[in-house]
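Engineer: My questions all concern the structure below.
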Amino acid sequence: MKINTQLQNGTDGGPAEVHQTVAAGADALTTSQGVKISDNQNSLKAGVQGPTLLEDFVLRDKIFHFDHERIPERVVHARGFGAHGTFECTRDLSQITRAAPFQKVGKLTETFVRFSTVAGSKGSMDLARDVRGFAVKFYTDEGNWDLVGNNIPVFFIQDAMKFPDLVHAVKPEPDRGFPQAQSAHDTFWDYISLTPESMHMVMWQMSDRTIPRSFRTMEGFGVHTFRLVNAAGESQFVKFHWKPRQGLQSVLWDEAVKINGADPDHHRRDLWEALTTGDHPQWDLCLQVFDQAFADSFDFDILDATKLIPEELIPAEPVGTLTLDRAVDNFFEFTEQVAFCTQNVIPGIDFSDDPLLQGRNFSYLDTQLKRLGSTNFTQLEVNRPRGCPMHNFQQDGHMRKGNRKGQVMYEPNGFEVGPREDPLQGYVSYAAPVEGAKVRIRAESFADHYSQARQFYLSQTPVEQTHLRDALVFELSKCEHTRIRAAMVGHLRNIDEDLASGVASGLGLPELPPPATAARPTRQDLVLSPALSILANGPTSFAGRVMGVMVSNGFDGTVLDSLTSAITDAGGKVKLIAPRVTGALDDRGDLHEAQFSIPGGPSVLFDAVAVILGADDEKTVAEMPQAQTFLRDAFAHGKFIGHASAQALFQSAGLDTKIDDGCFDLGLIDDGDTMARFISSCADLRYWARRGMV
Ligand code: HDE
């Protein structure tokens, strides 16, 4: 497209402004009515300095639309990031379900995925300590199936009746309108302390699961028990799990706090970069399939969303792979307007009687109408079925397009017009027997609130247990009401006495409060589940990770070259940080462009770091407070550190006497061994021994 750019003066010779006018062959700018616009910079006025005229339809068209650009944000999960993907079936499940994506190995199904944080509003930060949403829309041959999950396999509450209260408690307190995107405040912990069923989820929430390194490094879970139904109408129960091929990884709380300042978009930027550089993240969809006999014999109720089934008891078997392969080309059109609904199921998938799931089935359609303003949101590109046609007699409503043509808009009709029911292929709900009186009651089998919380806590590595305790101390320290802190410690005593006393001492409680009253005693006999640990399920290489390399003028170019090629071979990326973002000259005189200036590229943004300074600038860099913080933070966060000619910086950062086995002198590159050891160590992500935790 050709554009003429001219500087023009106002008619009275007024200030110069830029006018970009249309050139031959290019599109002309028009109003929403298609009228070509001659001047997009000045409104129509009565006289050069006169008032703007009401008849200026060009101005009104533009501002009218602008005034109405915002739609209500999601009441929860407002901040999200979406991507297109493809699901490939790797196991034929036709014996147990007739669901279209699982009928044949190799079958591809288009998907759209949206990750989110729950509590914060749309403009909050990515690294809030929060549960992450993991919602997947499958555009199957038999309609859209939405698996609207989280990155945690259990939930805070057992019944949908409690959801509005839970959300009101965690959202900003209504009188003051803060805190934003935080659970660390009185109302949340007050509610939780009065909700013993939330204790298992609280263990997950206070673990590092809620501060993931990336969307790419977290698991996803359907949470509820669902049903699979085969062509013969036989049903089994199922739980859905997404397992990242990238391995699990989280950041430290101190990193999360700092990342939120340095790059509040850290997670979305990370996914955007992965998608746009061809580093497509993948998850295996794994199923835990079980029957009524297992459900009857299991220690807990499979309809209780505060419980999980340990993978050691029923393995999560891979049945397909999701690859996110395309970024959206318009955020609003896809990520904002996508409408997930738990009741979007397809033949072969059905609900269980989990009261939380049943309640969700009411909520999602309702919320989409509020948010998107019309029942016709199903016609939007991101929401309409893509793998199959949509044929019905629905018509009209706000923004409807594509009504059926002709006289007949109903069924049955004697004109033999339009689509008809299909008793053989159509969706048939599983004929689960139902009986009993209408009651508002919680089943006895939902009464044990502490045993799985204990099992989760004890299944964590010592490092993770420490993080969990510290998170509880941090959060409860933000509560102004001491009764809330004490009440929470009372619950922790039912989970693990050491945890309770650790938190009590972190909070400075004068004495241990009594244990909370429990409907059921905590079981001490549950077998530990290593599948619940992040550290036990980390990556096996540095692939998909980022090495931040600080360089300055005169640095050793060969060290950077060999570091870059080793990282690239391992599937990772290198990003350069230099005193100025223009980059730095190496000792051969070659300019290496930087992605960050030192103040803009703190080490919390990277998985591992290297500092390769040049003689020309070494002293200047060593004196920069941000360079010192870069190194000090990397060290404190247990990162692996490569270095060459960085003695002065280690000294000014106060680390010269602390260099340990997590630091690698890349100047000793000659034998190649140091570099190789550095790269393979980086796969472990952190040198825990430095933090006193092995
Ligand atoms: Fe949601 N939830 N939820 N939720 N949820 C919404 O729907 C709701 C629950 C989840 O990226 C809302 O479109 C109720 C569990 C995700 O667009 C709303 C209950 C799980 C997303 C809603 C729950 C989730 C939502 C708000 C308790 C994990 C974001 C905006 C009965 C399995 C989807 C919207 C996206 C969004 C209601 C509990 C996951 C209001 C009533 C449990 C990932 O409909």
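The chains in the structure tokens are called A, B, ... from first to last as shown; in each chain the residues are counted from 1, and the ligands are counted from 1 in the order shown.
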Grab me every residue within 6 Å of ligand 1, counting only C-alpha atoms and all ligand atoms, and send it over as a list in words.
Structural biologist: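 Listing the residues within 6 Å of ligand 1 gives Arg74, Val75, Val76, His77, Arg114, Phe115, Ser116, Gly133, Phe134, Ala135, Val148, Gly149, Asn150, Phe155, Ala160, Phe163, Gly222, Val223, Ala339, Phe340, Leu356, Gly359, Arg360, Ser363, Tyr364, Thr367 and Gln368 of chain A.
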Engineer: For the residues in that selection, give me N, CA and C atoms as a PDB file, in the first residue's frame.
Structural biologist:
```
ATOM      1  N   ARG A  74     -14.676 -10.373  32.417  1.00  0.00           N
ATOM      2  CA  ARG A  74     -15.182 -11.586  33.064  1.00  0.00           C
ATOM      3  C   ARG A  74     -15.227 -11.365  34.575  1.00  0.00           C
ATOM      4  N   VAL A  75     -16.269 -11.866  35.220  1.00  0.00           N
ATOM      5  CA  VAL A  75     -16.427 -11.635  36.656  1.00  0.00           C
ATOM      6  C   VAL A  75     -15.320 -12.354  37.445  1.00  0.00           C
ATOM      7  N   VAL A  76     -14.855 -13.457  36.934  1.00  0.00           N
ATOM      8  CA  VAL A  76     -13.594 -14.076  37.388  1.00  0.00           C
ATOM      9  C   VAL A  76     -12.802 -14.437  36.130  1.00  0.00           C
ATOM     10  N   HIS A  77     -11.522 -14.690  36.271  1.00  0.00           N
ATOM     11  CA  HIS A  77     -10.655 -15.040  35.131  1.00  0.00           C
ATOM     12  C   HIS A  77     -10.610 -13.910  34.091  1.00  0.00           C
ATOM     13  N   ARG A 114      -7.450 -20.724  26.367  1.00  0.00           N
ATOM     14  CA  ARG A 114      -7.248 -19.456  27.073  1.00  0.00           C
ATOM     15  C   ARG A 114      -6.756 -19.751  28.495  1.00  0.00           C
ATOM     16  N   PHE A 115      -5.592 -19.180  28.815  1.00  0.00           N
ATOM     17  CA  PHE A 115      -5.050 -19.271  30.171  1.00  0.00           C
ATOM     18  C   PHE A 115      -5.440 -17.984  30.899  1.00  0.00           C
ATOM     19  N   SER A 116      -5.577 -18.070  32.214  1.00  0.00           N
ATOM     20  CA  SER A 116      -6.016 -16.856  32.914  1.00  0.00           C
ATOM     21  C   SER A 116      -5.595 -16.891  34.376  1.00  0.00           C
ATOM     22  N   GLY A 133      -6.426 -20.352  35.149  1.00  0.00           N
ATOM     23  CA  GLY A 133      -7.410 -21.048  34.329  1.00  0.00           C
ATOM     24  C   GLY A 133      -6.709 -21.711  33.152  1.00  0.00           C
ATOM     25  N   PHE A 134      -7.253 -22.833  32.720  1.00  0.00           N
ATOM     26  CA  PHE A 134      -6.684 -23.582  31.584  1.00  0.00           C
ATOM     27  C   PHE A 134      -7.908 -24.098  30.824  1.00  0.00           C
ATOM     28  N   ALA A 135      -8.451 -23.244  29.946  1.00  0.00           N
ATOM     29  CA  ALA A 135      -9.716 -23.563  29.286  1.00  0.00           C
ATOM     30  C   ALA A 135      -9.444 -23.932  27.835  1.00  0.00           C
ATOM     31  N   VAL A 148     -13.173 -26.720  30.595  1.00  0.00           N
ATOM     32  CA  VAL A 148     -12.839 -25.443  31.257  1.00  0.00           C
ATOM     33  C   VAL A 148     -12.185 -25.749  32.597  1.00  0.00           C
ATOM     34  N   GLY A 149     -10.878 -25.887  32.581  1.00  0.00           N
ATOM     35  CA  GLY A 149     -10.161 -26.361  33.762  1.00  0.00           C
ATOM     36  C   GLY A 149      -9.268 -25.314  34.395  1.00  0.00           C
ATOM     37  N   ASN A 150      -8.554 -25.737  35.405  1.00  0.00           N
ATOM     38  CA  ASN A 150      -7.579 -24.904  36.116  1.00  0.00           C
ATOM     39  C   ASN A 150      -6.236 -25.621  36.150  1.00  0.00           C
ATOM     40  N   PHE A 155     -10.712 -27.866  44.052  1.00  0.00           N
ATOM     41  CA  PHE A 155     -11.251 -26.513  44.154  1.00  0.00           C
ATOM     42  C   PHE A 155     -11.527 -26.162  45.616  1.00  0.00           C
ATOM     43  N   ALA A 160     -21.784 -25.290  44.296  1.00  0.00           N
ATOM     44  CA  ALA A 160     -21.833 -24.022  43.557  1.00  0.00           C
ATOM     45  C   ALA A 160     -22.481 -22.909  44.371  1.00  0.00           C
ATOM     46  N   PHE A 163     -20.051 -20.283  45.589  1.00  0.00           N
ATOM     47  CA  PHE A 163     -19.086 -19.629  44.700  1.00  0.00           C
ATOM     48  C   PHE A 163     -19.117 -18.095  44.777  1.00  0.00           C
ATOM     49  N   GLY A 222      -9.200 -30.950  34.516  1.00  0.00           N
ATOM     50  CA  GLY A 222     -10.649 -30.739  34.366  1.00  0.00           C
ATOM     51  C   GLY A 222     -11.335 -30.629  35.721  1.00  0.00           C
ATOM     52  N   VAL A 223     -10.648 -31.010  36.791  1.00  0.00           N
ATOM     53  CA  VAL A 223     -11.087 -30.965  38.192  1.00  0.00           C
ATOM     54  C   VAL A 223     -12.214 -31.976  38.479  1.00  0.00           C
ATOM     55  N   ALA A 339     -15.996 -17.653  24.413  1.00  0.00           N
ATOM     56  CA  ALA A 339     -16.999 -17.910  25.449  1.00  0.00           C
ATOM     57  C   ALA A 339     -16.990 -19.392  25.786  1.00  0.00           C
ATOM     58  N   PHE A 340     -16.336 -19.734  26.882  1.00  0.00           N
ATOM     59  CA  PHE A 340     -16.306 -21.138  27.306  1.00  0.00           C
ATOM     60  C   PHE A 340     -17.538 -21.421  28.160  1.00  0.00           C
ATOM     61  N   LEU A 356     -20.690 -29.006  42.155  1.00  0.00           N
ATOM     62  CA  LEU A 356     -19.980 -27.813  41.680  1.00  0.00           C
ATOM     63  C   LEU A 356     -20.102 -27.728  40.161  1.00  0.00           C
ATOM     64  N   GLY A 359     -23.578 -26.736  39.094  1.00  0.00           N
ATOM     65  CA  GLY A 359     -23.784 -25.291  39.241  1.00  0.00           C
ATOM     66  C   GLY A 359     -23.084 -24.513  38.148  1.00  0.00           C
ATOM     67  N   ARG A 360     -21.901 -24.959  37.769  1.00  0.00           N
ATOM     68  CA  ARG A 360     -21.174 -24.268  36.695  1.00  0.00           C
ATOM     69  C   ARG A 360     -21.987 -24.312  35.407  1.00  0.00           C
ATOM     70  N   SER A 363     -24.015 -21.376  35.135  1.00  0.00           N
ATOM     71  CA  SER A 363     -23.374 -20.059  35.181  1.00  0.00           C
ATOM     72  C   SER A 363     -22.803 -19.567  33.854  1.00  0.00           C
ATOM     73  N   TYR A 364     -22.189 -20.464  33.103  1.00  0.00           N
ATOM     74  CA  TYR A 364     -21.339 -19.978  32.010  1.00  0.00           C
ATOM     75  C   TYR A 364     -22.134 -19.347  30.872  1.00  0.00           C
ATOM     76  N   THR A 367     -23.291 -15.926  32.009  1.00  0.00           N
ATOM     77  CA  THR A 367     -22.251 -14.897  32.076  1.00  0.00           C
ATOM     78  C   THR A 367     -21.878 -14.420  30.665  1.00  0.00           C
ATOM     79  N   GLN A 368     -21.957 -15.312  29.687  1.00  0.00           N
ATOM     80  CA  GLN A 368     -21.583 -14.910  28.318  1.00  0.00           C
ATOM     81  C   GLN A 368     -22.587 -13.911  27.765  1.00  0.00           C
TER      82      GLN A 368
END
```
Engineer: Which parts of stretch 219-339 of chain A does DSSP call alpha helix (DSSP H) when run on the backbone here, written out as a list in words?
Structural biologist: Trp253, Asp254, Glu255, Ala256, Val257, Lys258, Ile259, Asn260, Gly261, Ala262, His266, His267, Arg268, Arg269, Asp270, Leu271, Trp272, Glu273, Ala274, Leu275, Thr276, Gln292, Ala293, Phe294, Ala295, Asp296, Ser297 and Phe331 of chain A
Engineer: So that I can check the secondary structure, give me every residue of stretch 103-167 of chain A assigned strand (DSSP E or B) by backbone DSSP, as a compact mmCIF listing (two decimals) with N, CA and C atoms, in the first residue's frame.
Structural biologist:
```txt
# COMPACT_ATOMS: atom_id res chain seq x y z
N LEU A 108 -6.96 -35.18 13.97
CA LEU A 108 -6.62 -33.82 14.41
C LEU A 108 -7.90 -33.04 14.70
N THR A 109 -7.90 -32.30 15.78
CA THR A 109 -9.04 -31.45 16.12
C THR A 109 -8.52 -30.05 16.43
N GLU A 110 -9.13 -29.07 15.80
CA GLU A 110 -8.73 -27.68 16.06
C GLU A 110 -9.12 -27.29 17.48
N THR A 111 -8.31 -26.46 18.13
CA THR A 111 -8.65 -26.03 19.49
C THR A 111 -8.36 -24.54 19.66
N PHE A 112 -8.97 -23.97 20.67
CA PHE A 112 -8.58 -22.63 21.13
C PHE A 112 -8.42 -22.71 22.64
N VAL A 113 -7.31 -22.18 23.15
CA VAL A 113 -7.01 -22.30 24.57
C VAL A 113 -6.88 -20.91 25.18
N ARG A 114 -7.45 -20.72 26.37
CA ARG A 114 -7.25 -19.46 27.07
C ARG A 114 -6.76 -19.75 28.50
N PHE A 115 -5.59 -19.18 28.82
CA PHE A 115 -5.05 -19.27 30.17
C PHE A 115 -5.44 -17.98 30.90
N SER A 116 -5.58 -18.07 32.21
CA SER A 116 -6.02 -16.86 32.91
C SER A 116 -5.60 -16.89 34.38
N THR A 117 -5.64 -15.71 35.00
CA THR A 117 -5.60 -15.64 36.46
C THR A 117 -7.04 -15.41 36.91
N ARG A 132 -4.46 -20.59 38.07
CA ARG A 132 -4.54 -20.23 36.65
C ARG A 132 -5.66 -21.03 35.99
N GLY A 133 -6.43 -20.35 35.15
CA GLY A 133 -7.41 -21.05 34.33
C GLY A 133 -6.71 -21.71 33.15
N PHE A 134 -7.25 -22.83 32.72
CA PHE A 134 -6.68 -23.58 31.58
C PHE A 134 -7.91 -24.10 30.82
N ALA A 135 -8.45 -23.24 29.95
CA ALA A 135 -9.72 -23.56 29.29
C ALA A 135 -9.44 -23.93 27.83
N VAL A 136 -9.99 -25.07 27.42
CA VAL A 136 -9.73 -25.56 26.06
C VAL A 136 -11.06 -25.76 25.33
N LYS A 137 -11.16 -25.16 24.16
CA LYS A 137 -12.33 -25.38 23.30
C LYS A 137 -11.90 -26.30 22.16
N PHE A 138 -12.53 -27.45 22.06
CA PHE A 138 -12.26 -28.38 20.96
C PHE A 138 -13.34 -28.16 19.90
N TYR A 139 -12.94 -27.81 18.68
CA TYR A 139 -13.92 -27.67 17.59
C TYR A 139 -14.03 -29.04 16.93
N THR A 140 -14.85 -29.93 17.49
CA THR A 140 -14.86 -31.31 17.00
C THR A 140 -15.85 -31.47 15.84
N GLY A 143 -19.45 -31.05 17.14
CA GLY A 143 -19.80 -29.87 17.93
C GLY A 143 -18.65 -29.45 18.84
N ASN A 144 -18.85 -28.32 19.48
CA ASN A 144 -17.79 -27.78 20.35
C ASN A 144 -17.83 -28.43 21.72
N TRP A 145 -16.67 -28.82 22.18
CA TRP A 145 -16.52 -29.37 23.53
C TRP A 145 -15.57 -28.46 24.29
N ASP A 146 -16.04 -27.91 25.40
CA ASP A 146 -15.21 -27.03 26.21
C ASP A 146 -14.77 -27.75 27.49
N LEU A 147 -13.48 -27.87 27.67
CA LEU A 147 -12.94 -28.44 28.90
C LEU A 147 -12.36 -27.25 29.68
N VAL A 148 -13.17 -26.72 30.59
CA VAL A 148 -12.84 -25.44 31.26
C VAL A 148 -12.19 -25.75 32.60
N GLY A 149 -10.88 -25.89 32.58
CA GLY A 149 -10.16 -26.36 33.76
C GLY A 149 -9.27 -25.31 34.39
N ASN A 150 -8.55 -25.74 35.41
CA ASN A 150 -7.58 -24.90 36.12
C ASN A 150 -6.24 -25.62 36.15
```
Engineer: Against stretch 277-289 of chain A, which residues of stretch 311-400 of chain A fall within 8 Å? For each one I want the closest pair of atoms and the distance in Å (one decimal), counting only C-alpha atoms, rows by chain and increasing residue number, as a Markdown table.
Structural biologist:
```
| residue | atom | partner | partner_atom | distance |
| --- | --- | --- | --- | --- |
| A:Glu311 | CA | A:Gln288 | CA | 7.8 |
| A:Ile314 | CA | A:Gln288 | CA | 6.0 |
| A:Pro315 | CA | A:Gln288 | CA | 6.1 |
| A:Ala316 | CA | A:Gln288 | CA | 4.7 |
| A:Glu317 | CA | A:Cys286 | CA | 4.7 |
| A:Pro318 | CA | A:Cys286 | CA | 4.0 |
| A:Val319 | CA | A:Cys286 | CA | 5.8 |
| A:Gly320 | CA | A:Leu285 | CA | 5.2 |
| A:Thr321 | CA | A:Asp284 | CA | 4.4 |
| A:Leu322 | CA | A:Trp283 | CA | 5.2 |
| A:Thr323 | CA | A:Gln282 | CA | 4.5 |
| A:Leu324 | CA | A:His280 | CA | 5.7 |
| A:Asp325 | CA | A:His280 | CA | 5.4 |
```
Engineer: Mind dumping a table of every stretch 199-247 of chain A residue within 8 Å of stretch 521-541 of chain A, with the nearest atom pair and its distance in Å to one decimal, using only C-alpha atoms, sorted by chain and rising number, as CSV?
Structural biologist:
```
residue,atom,partner,partner_atom,distance
A:Asp208,CA,A:Ile534,CA,7.8
A:Arg209,CA,A:Ile534,CA,7.5
A:Gln246,CA,A:Pro539,CA,6.1
A:Gly247,CA,A:Pro539,CA,4.2
```
Engineer: Between A:Phe446, A:Phe290, A:Phe362, A:Phe474, which has the minimum distance to A:Cys341 (counting only C-alpha atoms)?
Structural biologist: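 Closest to A:Cys341, using only C-alpha atoms: A:Phe362.
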Engineer: At a cut-off of 10 Å, can you tabulate as a Markdown table every residue of stretch 340-420 of chain A near stretch 430-440 of chain A together with its closest atom pair and the distance in Å to one decimal, using only C-alpha atoms and ordering rows by chain then number?
Structural biologist:
```
| residue | atom | partner | partner_atom | distance |
| --- | --- | --- | --- | --- |
| A:Pro347 | CA | A:Tyr430 | CA | 9.7 |
| A:Gly348 | CA | A:Tyr430 | CA | 9.1 |
| A:Ile349 | CA | A:Tyr430 | CA | 9.0 |
| A:Asp350 | CA | A:Tyr430 | CA | 6.8 |
| A:Phe351 | CA | A:Tyr430 | CA | 8.6 |
| A:Ser352 | CA | A:Ala432 | CA | 9.1 |
| A:Asp353 | CA | A:Ala432 | CA | 9.5 |
```
Engineer: Go ahead and dump the residues you just picked, N, CA and C atoms, as a CSV table (one decimal), in the first residue's frame.
Structural biologist:
```csv
chain,number,residue,atom,x,y,z
A,347,PRO,N,-21.4,-35.7,22.0
A,347,PRO,CA,-21.7,-37.1,22.2
A,347,PRO,C,-20.5,-37.9,22.7
A,348,GLY,N,-20.6,-38.7,23.8
A,348,GLY,CA,-19.5,-39.4,24.3
A,348,GLY,C,-18.9,-38.8,25.5
A,349,ILE,N,-19.2,-37.5,25.8
A,349,ILE,CA,-18.8,-36.9,27.1
A,349,ILE,C,-20.1,-36.5,27.8
A,350,ASP,N,-20.1,-36.7,29.1
A,350,ASP,CA,-21.3,-36.3,29.9
A,350,ASP,C,-20.8,-35.9,31.3
A,351,PHE,N,-21.8,-35.3,32.0
A,351,PHE,CA,-21.5,-34.8,33.3
A,351,PHE,C,-21.6,-35.9,34.4
A,352,SER,N,-21.0,-35.6,35.5
A,352,SER,CA,-21.3,-36.4,36.7
A,352,SER,C,-22.2,-35.5,37.6
A,353,ASP,N,-22.6,-36.0,38.7
A,353,ASP,CA,-23.5,-35.3,39.6
A,353,ASP,C,-22.7,-34.4,40.6
```
Engineer: Quick one: residues within 9 Å of A:Val546, only C-alpha atoms counted, chain neighbours fewer than 3 positions away excluded, as a VMD selection string?
Structural biologist: chain A and resid 542 to 543 567 572 to 575 605 to 609
Engineer: Restricting it to N, CA and C atoms, dump the selection as a PDB file, in the first residue's frame.
Structural biologist:
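And here's part.pdb as it stands now:
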```pdb
ATOM      1  N   PHE A 542      17.285 -27.697  29.159  1.00  0.00           N
ATOM      2  CA  PHE A 542      17.070 -26.247  29.207  1.00  0.00           C
ATOM      3  C   PHE A 542      16.158 -25.794  28.058  1.00  0.00           C
ATOM      4  N   ALA A 543      15.623 -26.758  27.322  1.00  0.00           N
ATOM      5  CA  ALA A 543      14.778 -26.415  26.162  1.00  0.00           C
ATOM      6  C   ALA A 543      13.629 -25.506  26.590  1.00  0.00           C
ATOM      7  N   ILE A 567      23.502 -23.174  24.167  1.00  0.00           N
ATOM      8  CA  ILE A 567      22.109 -22.963  24.615  1.00  0.00           C
ATOM      9  C   ILE A 567      21.141 -23.295  23.476  1.00  0.00           C
ATOM     10  N   GLY A 572      17.261 -23.845  24.022  1.00  0.00           N
ATOM     11  CA  GLY A 572      16.950 -22.621  24.770  1.00  0.00           C
ATOM     12  C   GLY A 572      17.212 -21.375  23.944  1.00  0.00           C
ATOM     13  N   LYS A 573      16.974 -20.224  24.577  1.00  0.00           N
ATOM     14  CA  LYS A 573      17.196 -18.941  23.903  1.00  0.00           C
ATOM     15  C   LYS A 573      18.169 -18.108  24.734  1.00  0.00           C
ATOM     16  N   VAL A 574      18.887 -17.234  24.019  1.00  0.00           N
ATOM     17  CA  VAL A 574      19.784 -16.306  24.708  1.00  0.00           C
ATOM     18  C   VAL A 574      19.240 -14.903  24.516  1.00  0.00           C
ATOM     19  N   LYS A 575      19.212 -14.116  25.584  1.00  0.00           N
ATOM     20  CA  LYS A 575      18.851 -12.701  25.456  1.00  0.00           C
ATOM     21  C   LYS A 575      19.962 -11.877  26.071  1.00  0.00           C
ATOM     22  N   LEU A 605      13.892 -12.088  35.121  1.00  0.00           N
ATOM     23  CA  LEU A 605      13.208 -12.401  33.860  1.00  0.00           C
ATOM     24  C   LEU A 605      13.791 -13.627  33.168  1.00  0.00           C
ATOM     25  N   PHE A 606      14.872 -14.191  33.724  1.00  0.00           N
ATOM     26  CA  PHE A 606      15.570 -15.276  33.026  1.00  0.00           C
ATOM     27  C   PHE A 606      15.668 -16.527  33.900  1.00  0.00           C
ATOM     28  N   ASP A 607      15.836 -17.665  33.226  1.00  0.00           N
ATOM     29  CA  ASP A 607      15.943 -18.937  33.954  1.00  0.00           C
ATOM     30  C   ASP A 607      17.343 -19.166  34.499  1.00  0.00           C
ATOM     31  N   ALA A 608      18.333 -18.655  33.774  1.00  0.00           N
ATOM     32  CA  ALA A 608      19.722 -18.731  34.234  1.00  0.00           C
ATOM     33  C   ALA A 608      20.412 -17.498  33.661  1.00  0.00           C
ATOM     34  N   VAL A 609      21.563 -17.146  34.195  1.00  0.00           N
ATOM     35  CA  VAL A 609      22.222 -15.936  33.693  1.00  0.00           C
ATOM     36  C   VAL A 609      23.714 -16.180  33.477  1.00  0.00           C
TER      37      VAL A 609
END
```
Engineer: Of the candidates A:Glu623, A:Asp496, A:Glu618, A:Asp561, which one gets nearest to A:Leu666 if we count only C-alpha atoms?
Structural biologist: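 Using only C-alpha atoms, A:Leu666 sits closest to A:Asp561.
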